[in-house]
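Student: Contents of work-v9.cif (mmCIF, C-alpha atoms) are below:
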data_query
loop_
_atom_site.label_atom_id
_atom_site.label_comp_id
_atom_site.auth_asym_id
_atom_site.auth_seq_id
_atom_site.Cartn_x
_atom_site.Cartn_y
_atom_site.Cartn_z
CA MET A 1 19.86 -38.03 -74.72
CA GLY A 2 18.35 -40.02 -71.92
CA LEU A 3 16.38 -38.59 -69.03
CA ASP A 4 19.22 -39.27 -66.56
CA GLU A 5 21.73 -37.49 -68.80
CA LEU A 6 19.43 -34.49 -69.19
CA GLU A 7 18.86 -34.30 -65.45
CA SER A 8 22.59 -34.62 -64.80
CA PHE A 9 23.27 -31.79 -67.26
CA LEU A 10 20.58 -29.52 -65.79
CA ARG A 11 21.93 -30.04 -62.27
CA LYS A 12 25.34 -28.76 -63.27
CA LYS A 13 26.17 -25.25 -62.16
CA GLY A 14 24.90 -22.68 -64.66
CA ALA A 15 23.20 -25.06 -67.12
CA ALA A 16 19.58 -24.19 -66.32
CA GLU A 17 20.43 -20.47 -66.14
CA LEU A 18 21.96 -20.64 -69.63
CA ILE A 19 18.77 -22.20 -70.98
CA THR A 20 16.62 -19.49 -69.44
CA GLU A 21 18.98 -16.78 -70.66
CA ILE A 22 18.96 -17.97 -74.25
CA GLY A 23 15.19 -18.52 -74.07
CA THR A 24 13.37 -18.04 -77.35
CA GLY A 25 16.17 -16.09 -79.01
CA THR A 26 19.90 -16.43 -79.46
CA ALA A 27 22.84 -15.23 -77.41
CA THR A 28 26.57 -14.78 -77.76
CA PHE A 29 29.11 -16.22 -75.37
CA ASN A 30 29.96 -12.78 -73.95
CA ALA A 31 26.31 -11.93 -73.34
CA LEU A 32 25.85 -15.24 -71.53
CA VAL A 33 28.94 -14.73 -69.37
CA ASP A 34 27.60 -11.33 -68.34
CA ALA A 35 24.12 -12.69 -67.61
CA VAL A 36 24.82 -15.74 -65.47
CA SER A 37 26.58 -16.05 -62.14
CA VAL A 38 29.24 -18.56 -63.14
CA SER A 39 32.72 -18.10 -64.52
CA GLY A 40 33.50 -17.81 -68.20
CA SER A 41 35.16 -21.23 -68.20
CA THR A 42 32.04 -22.79 -66.65
CA VAL A 43 29.84 -21.10 -69.29
CA SER A 44 32.14 -22.45 -72.00
CA SER A 45 31.97 -25.96 -70.54
CA ARG A 46 28.16 -25.89 -70.19
CA LEU A 47 27.70 -24.62 -73.73
CA SER A 48 29.95 -27.37 -75.11
CA GLU A 49 28.15 -30.02 -73.04
CA GLY A 50 24.77 -28.59 -74.08
CA VAL A 51 25.73 -28.81 -77.74
CA GLU A 52 26.88 -32.44 -77.21
CA HIS A 53 23.59 -33.27 -75.43
CA ASP A 54 21.51 -31.56 -78.13
CA VAL A 55 20.22 -28.79 -75.84
CA PHE A 56 21.95 -25.93 -77.72
CA THR A 57 22.81 -25.31 -81.34
CA VAL A 58 25.60 -23.05 -82.55
CA SER A 59 25.43 -20.81 -85.59
CA HIS A 60 28.12 -18.55 -86.99
CA ARG A 61 27.27 -15.05 -88.18
CA PRO A 62 29.63 -12.71 -89.95
CA THR A 63 30.45 -9.43 -88.21
CA GLU A 64 32.75 -6.50 -88.90
CA HIS A 65 35.55 -8.25 -87.01
CA GLY A 66 35.10 -11.83 -88.25
CA THR A 67 32.48 -14.33 -87.22
CA GLU A 68 30.38 -14.55 -84.10
CA LYS A 69 29.06 -17.69 -82.47
CA ARG A 70 25.41 -17.49 -81.48
CA TYR A 71 23.73 -20.07 -79.31
CA ALA A 72 20.07 -21.06 -79.60
CA LEU A 73 17.92 -23.77 -78.03
CA THR A 74 17.15 -27.00 -79.85
CA ILE A 75 13.71 -28.61 -79.67
CA LEU A 76 14.78 -30.35 -76.45
CA GLY A 77 16.21 -27.11 -75.04
CA ARG A 78 13.00 -25.29 -75.98
CA ARG A 79 10.90 -27.88 -74.10
CA VAL A 80 13.09 -27.39 -71.01
CA TYR A 81 12.69 -23.63 -71.38
CA ASP A 82 8.89 -23.94 -71.68
CA TRP A 83 8.83 -25.96 -68.45
CA ALA A 84 11.04 -23.35 -66.81
CA VAL A 85 8.51 -20.66 -67.74
CA GLN A 86 5.55 -22.75 -66.53
CA THR A 87 7.18 -23.52 -63.18
CA GLU A 88 8.29 -19.88 -62.78
CA PHE A 89 11.93 -21.00 -62.64
CA GLU A 90 12.69 -18.54 -65.44
CA ARG A 91 11.16 -15.66 -63.44
CA LYS A 92 13.15 -16.67 -60.34
CA VAL A 93 16.38 -16.71 -62.35
CA ARG A 94 15.70 -13.17 -63.61
CA GLU A 95 14.73 -12.02 -60.10
CA LEU A 96 17.94 -13.52 -58.74
CA ARG A 97 19.95 -11.68 -61.41
CA ARG A 98 18.23 -8.38 -60.50
CA ILE A 99 18.97 -8.93 -56.79
CA ARG A 100 22.56 -9.85 -57.61
CA GLN A 101 22.94 -6.60 -59.57
CA GLU A 102 21.45 -4.60 -56.69
CA ARG A 103 23.88 -6.33 -54.33
CA GLU A 104 26.80 -5.51 -56.60
CA THR A 105 25.68 -1.88 -56.82
CA ALA A 106 25.33 -1.65 -53.04
CA PHE A 107 28.74 -3.27 -52.61
CA GLU A 108 30.35 -0.80 -55.01
CA GLN A 109 28.74 2.06 -53.08
CA LEU A 110 30.12 0.59 -49.83
CA VAL A 111 33.61 0.31 -51.31
CA GLY A 112 33.35 3.85 -52.65
CA LYS A 113 32.41 5.21 -49.22
CA ILE A 114 35.23 3.27 -47.56
CA ASN A 115 37.75 4.54 -50.12
CA ARG A 116 36.53 8.12 -49.69
CA ASP A 117 36.72 7.77 -45.91
CA MET A 118 40.25 6.37 -46.11
CA GLU A 119 41.33 9.24 -48.40
CA ILE A 120 39.88 11.79 -45.97
CA ARG A 121 41.66 10.08 -43.08
CA LYS A 122 44.95 10.23 -45.02
CA MET A 123 44.48 13.98 -45.49
CA VAL A 124 43.81 14.48 -41.79
CA VAL A 125 46.79 12.43 -40.60
CA ASP A 126 49.97 14.38 -39.99
CA VAL A 127 51.82 14.65 -43.29
CA ASP A 128 55.23 14.62 -41.63
CA PRO A 129 54.88 12.62 -38.41
CA LEU A 130 57.73 12.76 -35.92
CA VAL A 131 58.90 9.19 -35.98
CA ASP A 132 61.88 8.13 -33.92
CA GLU A 133 62.61 11.75 -32.97
CA ASP A 134 62.97 13.06 -29.45
CA VAL A 135 60.49 15.81 -28.81
CA GLU A 136 60.98 18.07 -25.83
CA LEU A 137 57.76 19.09 -24.18
CA PRO A 138 57.51 21.73 -21.46
CA GLU A 139 57.38 20.24 -18.00
CA GLY A 140 53.92 19.06 -16.98
CA THR A 141 52.58 18.83 -20.55
CA SER A 142 51.34 15.65 -22.10
CA ILE A 143 50.44 14.51 -25.60
CA VAL A 144 47.41 12.74 -24.17
CA GLN A 145 44.78 15.14 -22.94
CA LYS A 146 44.17 14.66 -19.23
CA GLU A 147 40.74 14.83 -17.70
CA PRO A 148 40.52 17.68 -15.16
CA SER A 149 40.25 16.71 -11.55
CA GLU A 150 36.83 16.86 -9.93
CA GLU A 151 37.84 19.97 -7.98
CA ALA A 152 39.14 21.73 -11.12
CA ALA A 153 35.95 20.87 -12.99
CA ARG A 154 33.87 22.31 -10.09
CA GLU A 155 35.90 25.54 -10.04
CA ALA A 156 35.56 25.92 -13.82
CA HIS A 157 31.81 25.44 -13.45
CA PHE A 158 31.54 28.15 -10.79
CA GLU A 159 33.67 30.52 -12.89
CA ARG A 160 31.35 30.03 -15.87
CA MET A 161 28.36 30.68 -13.59
CA GLU A 162 29.92 33.89 -12.24
CA ASP A 163 30.87 35.07 -15.72
CA SER A 164 27.26 34.76 -16.84
CA LEU A 165 25.96 36.91 -13.95
CA GLU A 166 25.05 40.47 -14.85
CA PRO A 167 26.09 43.13 -12.34
CA ILE A 168 23.26 45.01 -10.66
CA THR A 169 23.45 48.73 -11.17
CA ASP A 170 22.24 51.31 -8.61
CA ASP A 171 19.19 52.10 -10.77
CA GLN A 172 18.05 48.48 -10.74
CA SER A 173 18.54 48.10 -6.99
CA GLU A 174 16.39 51.19 -6.24
CA GLU A 175 13.57 49.89 -8.45
CA ASN A 176 13.57 46.52 -6.68
CA SER A 177 13.52 48.09 -3.20
CA GLU A 178 10.37 50.14 -3.84
#
Render the structure in this file as structure tokens.
Tutor:
Amino acid sequence: MGLDELESFLRKKGAAELITEIGTGTATFNALVDAVSVSGSTVSSRLSEGVEHDVFTVSHRPTEHGTEKRYALTILGRRVYDWAVQTEFERKVRELRRIRQERETAFEQLVGKINRDMEIRKMVVDVDPLVDEDVELPEGTSIVQKEPSEEAAREAHFERMEDSLEPITDDQSEENSE
């Protein structure tokens, strides 16, 4: 593989992340799909291209349910990985994954709170609303609460003030006059 082909491959979405994810070990397709931020079809394409460009090797291991493909880095892939470690690209990819997971967690919490709020609002809303029915209200009543007039608010204020006054008994008035 030429330098231009390698650069072209590395610039494709998800390619460099796959190299850093496989690193010094091996990985299955499912583990790689879970680890990188591209779709499963993109992971599949990058793995196939990486095998064609001699960046990845594929081995088959028997499992309880058949065989499992495991991907590892070739010598070329290992050199790219070593450069990724030296330039801290590998650390940035892992940091980005951690931040992405925190974002997903925060988003799920947000959705949970919204769903809970919507459920509470459904419980508070009238279960059997009067839709398209004529409702007779007593004269002078309104569904919308009206603000009291300024004069009514003043009278209510004075009434509250008078209600809070304690009456003066004869005993108290004699003590104050002495």
Student: So how many Å separate CA of Thr20 (chain A) and CA of Val58 (chain A), to one decimal?
Tutor: 16.3 Å
Student: Between A:Ser149, A:Asn115, A:Ser48, A:Thr87, which residue has the minimum interatomic distance to Tyr71 (chain A), considering only C-alpha atoms?
Tutor: A:Ser48
Student: Compile the contact shell of Ile75 (chain A) as JSON, numbers by chain: residues with an atom at most 9 Å away, counting all atoms listed in the file, same-chain residues fewer than 6 positions apart removed.
Tutor: {"A": [54, 55, 56]}
Student: For Leu18 (chain A), work out the shell of residues within 10 Å, counting all atoms listed in the file and skipping chain neighbours fewer than 4 positions away, then give it as a count of residues only.
Tutor: 21
Student: Can you measure CA of Thr26 (chain A) to CA of Glu88 (chain A) for me? One decimal in Å is fine.
Tutor: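 So the answer is 20.6 Å.
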Student: From the options A:Phe29, A:Asp117, A:Phe158, A:Leu96, which residue's atoms come nearest to His60 (chain A), counting all atoms listed in the file?
Tutor: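 So, comparing all the options, the nearest one is A:Phe29.
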Student: Just how far from CA of Glu95 (chain A) is CA of Glu108 (chain A), in Å to one decimal?
Tutor: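 Atom-to-atom, CA of Glu108 (chain A) to CA of Glu95 (chain A), that is 19.9 Å.
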Student: Of the residues A:Pro148, A:Arg97, A:His53, A:Phe89, which is the one nearest to Leu76 (chain A), using only C-alpha atoms?
Tutor: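 Distance minimum relative to Leu76 (chain A) lands on A:His53.
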Student: For a quick check of understanding, using all atoms listed in the file, which of A:Thr74, A:Glu68, A:Val80, A:Glu151 has the smallest distance to Glu7 (chain A)?
Tutor: A:Val80
Student: Reconstruct N, CA, C and O atoms of region 24-41 of chain A; output as a CSV table (one decimal), in the coordinates of the input.
Tutor:
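Everything below was put into selection29.csv:
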chain,number,residue,atom,x,y,z
A,24,THR,N,13.9,-17.9,-76.0
A,24,THR,CA,13.4,-18.0,-77.4
A,24,THR,C,14.2,-17.4,-78.4
A,24,THR,O,13.9,-17.5,-79.6
A,25,GLY,N,15.3,-16.8,-78.0
A,25,GLY,CA,16.2,-16.1,-79.0
A,25,GLY,C,17.5,-16.8,-79.2
A,25,GLY,O,17.6,-18.0,-79.0
A,26,THR,N,18.5,-16.0,-79.4
A,26,THR,CA,19.9,-16.4,-79.5
A,26,THR,C,20.7,-15.5,-78.6
A,26,THR,O,20.3,-14.5,-78.2
A,27,ALA,N,21.9,-16.0,-78.3
A,27,ALA,CA,22.8,-15.2,-77.4
A,27,ALA,C,24.3,-15.6,-77.8
A,27,ALA,O,24.6,-16.7,-78.2
A,28,THR,N,25.1,-14.6,-77.6
A,28,THR,CA,26.6,-14.8,-77.8
A,28,THR,C,27.2,-15.2,-76.4
A,28,THR,O,26.6,-15.1,-75.4
A,29,PHE,N,28.4,-15.8,-76.6
A,29,PHE,CA,29.1,-16.2,-75.4
A,29,PHE,C,29.3,-15.1,-74.4
A,29,PHE,O,29.0,-15.2,-73.2
A,30,ASN,N,29.7,-13.9,-74.8
A,30,ASN,CA,30.0,-12.8,-74.0
A,30,ASN,C,28.7,-12.3,-73.2
A,30,ASN,O,28.7,-12.0,-72.1
A,31,ALA,N,27.6,-12.3,-74.0
A,31,ALA,CA,26.3,-11.9,-73.3
A,31,ALA,C,25.9,-12.9,-72.3
A,31,ALA,O,25.4,-12.6,-71.2
A,32,LEU,N,26.2,-14.2,-72.5
A,32,LEU,CA,25.8,-15.2,-71.5
A,32,LEU,C,26.7,-15.2,-70.3
A,32,LEU,O,26.3,-15.3,-69.2
A,33,VAL,N,28.0,-14.9,-70.5
A,33,VAL,CA,28.9,-14.7,-69.4
A,33,VAL,C,28.5,-13.6,-68.5
A,33,VAL,O,28.5,-13.7,-67.3
A,34,ASP,N,28.1,-12.5,-69.1
A,34,ASP,CA,27.6,-11.3,-68.3
A,34,ASP,C,26.3,-11.6,-67.6
A,34,ASP,O,26.0,-11.0,-66.6
A,35,ALA,N,25.5,-12.5,-68.1
A,35,ALA,CA,24.1,-12.7,-67.6
A,35,ALA,C,24.0,-13.7,-66.5
A,35,ALA,O,23.1,-13.6,-65.7
A,36,VAL,N,24.9,-14.7,-66.5
A,36,VAL,CA,24.8,-15.7,-65.5
A,36,VAL,C,25.9,-15.6,-64.4
A,36,VAL,O,26.9,-14.9,-64.6
A,37,SER,N,25.7,-16.3,-63.3
A,37,SER,CA,26.6,-16.0,-62.1
A,37,SER,C,27.7,-17.1,-62.0
A,37,SER,O,28.0,-17.5,-60.9
A,38,VAL,N,28.1,-17.6,-63.2
A,38,VAL,CA,29.2,-18.6,-63.1
A,38,VAL,C,30.4,-18.0,-64.0
A,38,VAL,O,30.2,-17.1,-64.7
A,39,SER,N,31.5,-18.6,-63.8
A,39,SER,CA,32.7,-18.1,-64.5
A,39,SER,C,32.6,-18.3,-66.0
A,39,SER,O,31.8,-19.2,-66.5
A,40,GLY,N,33.4,-17.6,-66.8
A,40,GLY,CA,33.5,-17.8,-68.2
A,40,GLY,C,33.9,-19.2,-68.6
A,40,GLY,O,33.3,-19.8,-69.6
A,41,SER,N,34.8,-19.9,-67.9
A,41,SER,CA,35.2,-21.2,-68.2
A,41,SER,C,34.0,-22.2,-68.0
A,41,SER,O,33.8,-23.2,-68.7
